[in-house]
$ cat entry_31.tsv   # TSV, C-alpha atoms
chain	number	residue	atom	x	y	z
A	27	MET	CA	114.14	115.31	96.13
A	28	ARG	CA	111.23	116.60	94.05
A	29	GLN	CA	109.28	119.47	95.53
A	30	CYS	CA	105.59	120.35	95.80
A	31	VAL	CA	104.18	121.88	92.63
A	32	GLY	CA	101.31	123.73	94.32
A	33	VAL	CA	99.41	124.47	97.50
A	34	CYS	CA	95.72	124.42	98.32
A	35	LEU	CA	94.56	127.91	97.39
A	36	ILE	CA	91.00	129.18	97.14
A	37	HIS	CA	90.79	132.82	96.00
A	38	ASN	CA	94.56	133.03	96.65
A	39	VAL	CA	94.10	132.22	100.35
A	40	LEU	CA	95.79	129.21	101.90
A	41	CYS	CA	93.03	126.94	103.25
A	42	ILE	CA	93.69	125.09	106.50
A	43	ARG	CA	90.81	123.04	107.87
A	44	MET	CA	90.51	122.87	111.66
A	45	PRO	CA	88.94	119.90	113.47
A	46	LYS	CA	85.44	120.04	114.92
A	47	GLY	CA	86.79	119.07	118.34
A	48	LEU	CA	89.63	117.51	120.31
A	49	ILE	CA	89.84	114.39	122.46
A	50	THR	CA	90.60	115.96	125.83
A	51	SER	CA	91.18	112.73	127.78
A	52	LEU	CA	94.04	111.51	125.55
A	53	ASP	CA	97.58	111.31	126.95
A	54	ARG	CA	99.68	112.70	124.09
A	55	SER	CA	103.04	112.54	125.88
A	56	LYS	CA	105.88	110.37	124.57
A	57	LEU	CA	108.64	108.40	126.25
A	58	ASP	CA	111.10	110.13	123.93
A	59	ALA	CA	110.15	113.80	123.62
A	60	SER	CA	113.25	114.72	121.61
A	61	ASN	CA	113.13	116.14	118.10
A	62	ASP	CA	111.39	113.69	115.75
A	63	GLY	CA	113.56	114.93	112.88
A	64	VAL	CA	116.65	113.59	114.64
A	65	PHE	CA	115.01	110.22	115.35
A	66	TYR	CA	114.05	109.75	111.69
A	67	SER	CA	117.21	111.26	110.20
A	68	SER	CA	118.70	107.83	109.40
A	69	PRO	CA	116.79	105.80	106.80
A	70	ARG	CA	115.12	102.58	107.93
A	71	LEU	CA	114.67	100.51	104.77
A	72	ILE	CA	112.84	97.76	106.61
A	73	LYS	CA	109.35	96.29	106.78
A	74	HIS	CA	107.33	97.71	109.67
A	75	ALA	CA	105.03	94.66	109.78
A	76	ASP	CA	105.20	91.02	108.74
A	77	ASP	CA	104.21	89.56	105.37
A	78	LYS	CA	100.79	88.47	106.63
A	79	PHE	CA	99.90	92.05	107.57
A	80	LEU	CA	101.30	93.50	104.35
A	81	THR	CA	99.42	90.96	102.22
A	82	ALA	CA	96.17	91.93	103.95
A	83	LEU	CA	96.94	95.64	103.46
A	84	SER	CA	97.68	95.25	99.74
A	85	ALA	CA	94.48	93.23	99.32
A	86	LEU	CA	92.50	95.99	101.06
A	87	TYR	CA	94.02	98.61	98.77
A	88	GLY	CA	93.18	96.42	95.78
A	89	ARG	CA	89.52	96.26	96.82
A	90	ARG	CA	89.11	99.88	97.86
A	91	LEU	CA	91.24	101.91	95.45
A	92	ALA	CA	90.05	102.27	91.88
A	93	SER	CA	92.29	102.19	88.85
A	94	GLY	CA	93.40	105.71	87.95
A	95	ALA	CA	92.93	107.03	91.50
A	96	ARG	CA	94.82	110.01	92.87
A	97	LEU	CA	96.56	108.96	96.08
A	98	LEU	CA	98.38	110.63	98.97
A	99	ASP	CA	100.52	108.25	101.03
A	100	LEU	CA	100.87	110.01	104.37
A	101	MET	CA	103.78	109.15	106.70
A	102	SER	CA	105.21	106.99	103.95
A	103	ALA	CA	108.55	105.22	103.69
A	104	HIS	CA	110.44	103.23	101.06
A	105	ILE	CA	107.40	101.20	100.02
A	106	SER	CA	103.68	102.01	99.84
A	107	HIS	CA	102.34	98.41	99.75
A	108	LEU	CA	100.05	99.14	96.82
A	109	PRO	CA	99.09	96.13	94.66
A	110	ALA	CA	101.50	95.80	91.73
A	111	TRP	CA	98.72	94.98	89.27
A	112	GLN	CA	96.81	98.22	89.88
A	113	LYS	CA	97.65	101.47	88.07
A	114	TYR	CA	96.96	104.88	89.59
A	115	GLU	CA	97.03	108.37	88.13
A	116	PHE	CA	99.67	109.31	90.68
A	117	VAL	CA	100.87	108.59	94.22
A	118	HIS	CA	102.12	111.57	96.21
A	119	GLY	CA	104.16	110.65	99.26
A	120	HIS	CA	104.82	112.43	102.54
A	121	GLY	CA	107.42	111.38	105.09
A	122	MET	CA	110.27	112.30	107.42
A	123	ASN	CA	113.27	110.82	105.64
A	124	VAL	CA	114.36	111.85	102.15
A	125	ASP	CA	116.26	108.62	101.45
A	126	GLU	CA	113.25	106.47	102.31
A	127	LEU	CA	110.94	108.52	100.08
A	128	ASP	CA	113.43	108.54	97.21
A	129	ALA	CA	113.68	104.74	97.45
A	130	ASN	CA	109.89	104.33	97.05
A	131	PRO	CA	109.21	103.47	93.38
A	132	ALA	CA	105.46	104.16	93.65
A	133	LEU	CA	105.82	107.86	94.45
A	134	THR	CA	105.53	110.47	91.73
A	135	LEU	CA	105.96	113.45	94.09
A	136	ARG	CA	107.51	113.63	97.53
A	137	PHE	CA	107.03	115.99	100.49
A	138	MET	CA	109.01	116.30	103.73
A	139	GLN	CA	107.27	117.64	106.85
A	140	ASP	CA	107.13	116.95	110.59
A	141	LEU	CA	103.40	116.68	111.31
A	142	ASN	CA	103.99	117.02	115.05
A	143	LYS	CA	105.54	120.45	114.47
A	144	ASN	CA	103.06	121.46	111.79
A	145	PRO	CA	99.92	119.26	111.74
A	146	THR	CA	98.63	120.72	108.47
A	147	LEU	CA	99.03	119.67	104.84
A	148	PRO	CA	100.01	122.86	102.98
A	149	PHE	CA	101.26	120.76	100.06
A	150	ALA	CA	97.84	119.11	99.52
A	151	ASN	CA	95.31	120.74	97.19
A	152	THR	CA	91.69	120.94	98.34
A	153	SER	CA	89.24	118.24	97.13
A	154	TYR	CA	92.06	116.72	95.11
A	155	TYR	CA	92.70	113.13	96.22
A	156	ASP	CA	90.61	109.98	95.88
A	157	ALA	CA	92.30	108.47	98.93
A	158	VAL	CA	94.73	109.35	101.69
A	159	LEU	CA	96.64	106.36	103.08
A	160	CYS	CA	98.37	106.18	106.44
A	161	CYS	CA	100.10	102.88	107.24
A	162	ALA	CA	101.77	102.24	110.60
A	163	GLY	CA	102.08	105.93	111.43
A	164	VAL	CA	99.00	107.13	113.28
A	165	GLN	CA	100.40	106.15	116.69
A	166	TYR	CA	103.10	108.83	116.39
A	167	LEU	CA	100.75	111.77	115.76
A	168	GLN	CA	100.27	114.12	118.73
A	169	GLU	CA	97.51	116.14	117.04
A	170	PRO	CA	95.81	113.55	114.83
A	171	GLU	CA	92.50	115.43	114.85
A	172	ARG	CA	94.15	118.36	113.05
A	173	VAL	CA	95.95	116.10	110.59
A	174	PHE	CA	92.76	114.18	109.79
A	175	ALA	CA	90.81	117.44	109.39
A	176	GLU	CA	93.34	118.39	106.74
A	177	CYS	CA	92.97	114.95	105.14
A	178	ALA	CA	89.23	115.60	104.87
A	179	ARG	CA	89.94	118.91	103.15
A	180	ALA	CA	92.28	117.27	100.66
A	181	LEU	CA	89.83	114.47	99.77
A	182	LYS	CA	87.16	114.66	97.09
A	183	PRO	CA	83.76	115.28	98.72
A	184	ASN	CA	81.32	112.36	98.92
A	185	GLU	CA	83.79	109.81	97.55
A	186	GLY	CA	87.33	110.26	98.83
A	187	MET	CA	88.48	107.99	101.66
A	188	LEU	CA	91.01	107.96	104.47
A	189	ILE	CA	92.52	104.52	105.17
A	190	VAL	CA	94.48	104.26	108.43
A	191	SER	CA	96.12	100.88	109.05
A	192	PHE	CA	98.15	99.70	112.02
A	193	THR	CA	99.37	96.69	113.97
A	194	ASP	CA	100.90	96.19	117.42
A	195	LYS	CA	104.50	96.76	116.24
A	196	PHE	CA	105.83	100.31	116.46
A	197	PHE	CA	108.56	102.45	117.98
A	198	PHE	CA	107.26	102.65	121.54
A	199	GLU	CA	109.48	105.57	122.45
A	200	LYS	CA	107.89	107.75	119.75
A	201	ALA	CA	104.25	106.64	120.11
A	202	ILE	CA	101.92	108.69	122.30
A	203	GLN	CA	101.21	107.20	125.70
A	204	GLY	CA	97.49	107.06	124.96
A	205	TRP	CA	98.24	104.63	122.13
A	206	ILE	CA	100.67	102.47	124.08
A	207	ASN	CA	98.15	102.05	126.91
A	208	ARG	CA	95.47	100.65	124.59
A	209	GLY	CA	94.96	97.29	122.93
A	210	MET	CA	94.14	96.77	119.26
A	211	ALA	CA	90.37	97.04	119.67
A	212	THR	CA	90.52	100.25	121.70
A	213	ARG	CA	93.10	101.68	119.28
A	214	ALA	CA	90.62	101.10	116.45
A	215	ARG	CA	87.97	102.95	118.45
A	216	LEU	CA	90.46	105.75	119.09
A	217	VAL	CA	91.18	106.17	115.35
A	218	LYS	CA	87.42	106.29	114.71
A	219	ASP	CA	87.18	108.99	117.38
A	220	TYR	CA	90.01	110.90	115.66
A	221	MET	CA	87.98	110.95	112.43
A	222	ARG	CA	84.80	112.00	114.22
A	223	ALA	CA	86.63	114.80	116.04
A	224	ALA	CA	88.27	115.93	112.80
A	225	GLY	CA	84.91	116.16	111.06
A	226	GLY	CA	84.26	115.68	107.38
A	227	PHE	CA	83.95	111.88	107.50
A	228	ARG	CA	80.98	109.49	107.35
A	229	ASP	CA	80.53	105.72	107.28
A	230	ILE	CA	83.61	105.12	109.45
A	231	GLU	CA	84.30	101.39	109.68
A	232	VAL	CA	86.93	98.91	110.81
A	233	GLU	CA	88.36	96.17	108.60
A	234	GLY	CA	90.65	93.29	109.53
A	235	ASP	CA	90.73	90.64	112.22
A	236	GLY	CA	93.41	92.37	114.29
A	237	VAL	CA	90.96	93.59	116.91
A	238	SER	CA	89.87	90.08	117.87
A	239	ILE	CA	91.07	88.48	121.09
A	240	LEU	CA	92.43	85.46	119.18
A	241	ALA	CA	94.52	87.65	116.88
A	242	GLN	CA	96.00	89.56	119.80
A	243	LEU	CA	96.77	86.37	121.74
A	244	GLY	CA	98.36	84.90	118.63
A	245	SER	CA	100.56	87.95	118.25
A	246	ILE	CA	101.65	87.80	121.89
A	247	SER	CA	102.51	84.12	121.58
A	248	GLY	CA	104.42	84.70	118.36
A	249	LEU	CA	102.26	82.19	116.49
A	250	GLY	CA	99.63	84.39	114.87
A	251	GLY	CA	101.69	87.04	113.14
A	252	ASP	CA	101.09	90.78	113.29
A	253	PRO	CA	97.39	91.61	113.77
A	254	PHE	CA	95.91	93.66	110.92
A	255	CYS	CA	93.49	96.52	111.43
A	256	ALA	CA	92.38	99.35	109.16
A	257	VAL	CA	89.97	102.16	109.94
A	258	ILE	CA	88.30	103.65	106.86
A	259	GLY	CA	86.35	106.89	106.70
A	260	ILE	CA	84.53	108.27	103.65
A	261	ARG	CA	84.67	112.00	102.99
A	262	ASP	CA	81.25	113.54	103.47
A	263	GLY	CA	79.75	116.32	101.39
A	264	SER	CA	80.44	119.22	103.77
A	265	VAL	CA	82.07	122.31	102.34
A	266	ILE	CA	85.44	123.71	103.42
A	267	GLU	CA	84.88	126.34	106.11
$ encode --input "entry_31.tsv" --output "structure tokens"
Amino acid sequence: MRQCVGVCLIHNVLCIRMPKGLITSLDRSKLDASNDGVFYSSPRLIKHADDKFLTALSALYGRRLASGARLLDLMSAHISHLPAWQKYEFVHGHGMNVDELDANPALTLRFMQDLNKNPTLPFANTSYYDAVLCCAGVQYLQEPERVFAECARALKPNEGMLIVSFTDKFFFEKAIQGWINRGMATRARLVKDYMRAAGGFRDIEVEGDGVSILAQLGSISGLGGDPFCAVIGIRDGSVIE
């Protein structure tokens, strides 16, 4: 397990960016409130979505991420779903299981941290990354506004982007109730609200057809595959406070 080589220091002070606000009406409780570290202690070397979803995600990364980009794969696992033909300067990975992270060939550096115990990114340098990726993990965050505020800090101003992708498959017992109670379209709006509450993002948009009624009906019937949705926010030019 390779360790972090540095932390985000300005004038030798650890910088933690707090969100502009919090979503007060959100039910953040979970069906399983036990220690997340225990739940994720055994590696799950599986796909968390079907091939249709993963093809759409890789295509999105191919369009949005430039060659030579610096990437942080947040809440990663044994695969990052990056297009094989694209080369990046590096891909740093964060997760909850050491075996999963060690099995991921894309990662050049790996970090272990429970974001529900500590919703900050002390391993991430300020204004350092071109993109932060979060695939199939946002539903488990209990303080996503704080995590996304830290993502904004870690991204390059005016150009870095946060890409949050999800479908309707997840571990229900570990997702927050406010996520479970929503459909795909309202989940997309919720992720946009997370970014707005975090602050530091502009031009927040939704990509993918997973929020459509047809896609959701197809998923329920088993005929349409896993619906694909990604919410993308661009880092604005605000300074770290």
$ residues_around --input "entry_31.tsv" --residues "A:Glu231" --least-positions-apart "4" --cutoff "12 Å" --atoms "all atoms listed in the file" --output "ChimeraX atom specification"
/A:187-191,214-215,217-219,221-222,227,255-260
$ closest_residue --input "entry_31.tsv" --among "A:Asp58, A:Asp229, A:Glu185, A:Glu171" --to "A:Pro145" --atoms "all atoms listed in the file"
A:Glu171
$ closest_residue --input "entry_31.tsv" --among "A:Thr152, A:Thr81, A:Thr146, A:Gln112" --to "A:Phe174" --atoms "only C-alpha atoms"
A:Thr146
$ closest_residue --input "entry_31.tsv" --among "A:Leu127, A:Leu167, A:Met44, A:Cys177" --to "A:Trp205" --atoms "all atoms listed in the file"
A:Leu167
$ residues_around --input "entry_31.tsv" --residues "stretch 118-121 of chain A" --least-positions-apart "2" --cutoff "8 Å" --atoms "only C-alpha atoms" --output "list in words"
Leu97, Leu98, Asp99, Leu100, Met101, Ser102, Ala103, Phe116, Asn123, Val124, Leu127, Leu133, Thr134, Leu135, Arg136, Phe137, Met138, Gln139 and Asp140 of chain A
$ atom_distance --input "entry_31.tsv" --atom1 "atom CA of A:Ser153" --atom2 "atom CA of A:Glu126"
27.2 Å
$ atom_distance --input "entry_31.tsv" --atom1 "atom CA of A:Asp76" --atom2 "atom CA of A:Phe197"
15.1 Å
$ closest_residue --input "entry_31.tsv" --among "A:Ala92, A:Ala157, A:Met122, A:Ala82" --to "A:Leu141" --atoms "all atoms listed in the file"
A:Met122
$ atom_distance --input "entry_31.tsv" --atom1 "atom CA of A:Ile206" --atom2 "atom CA of A:Gln165"
8.3 Å
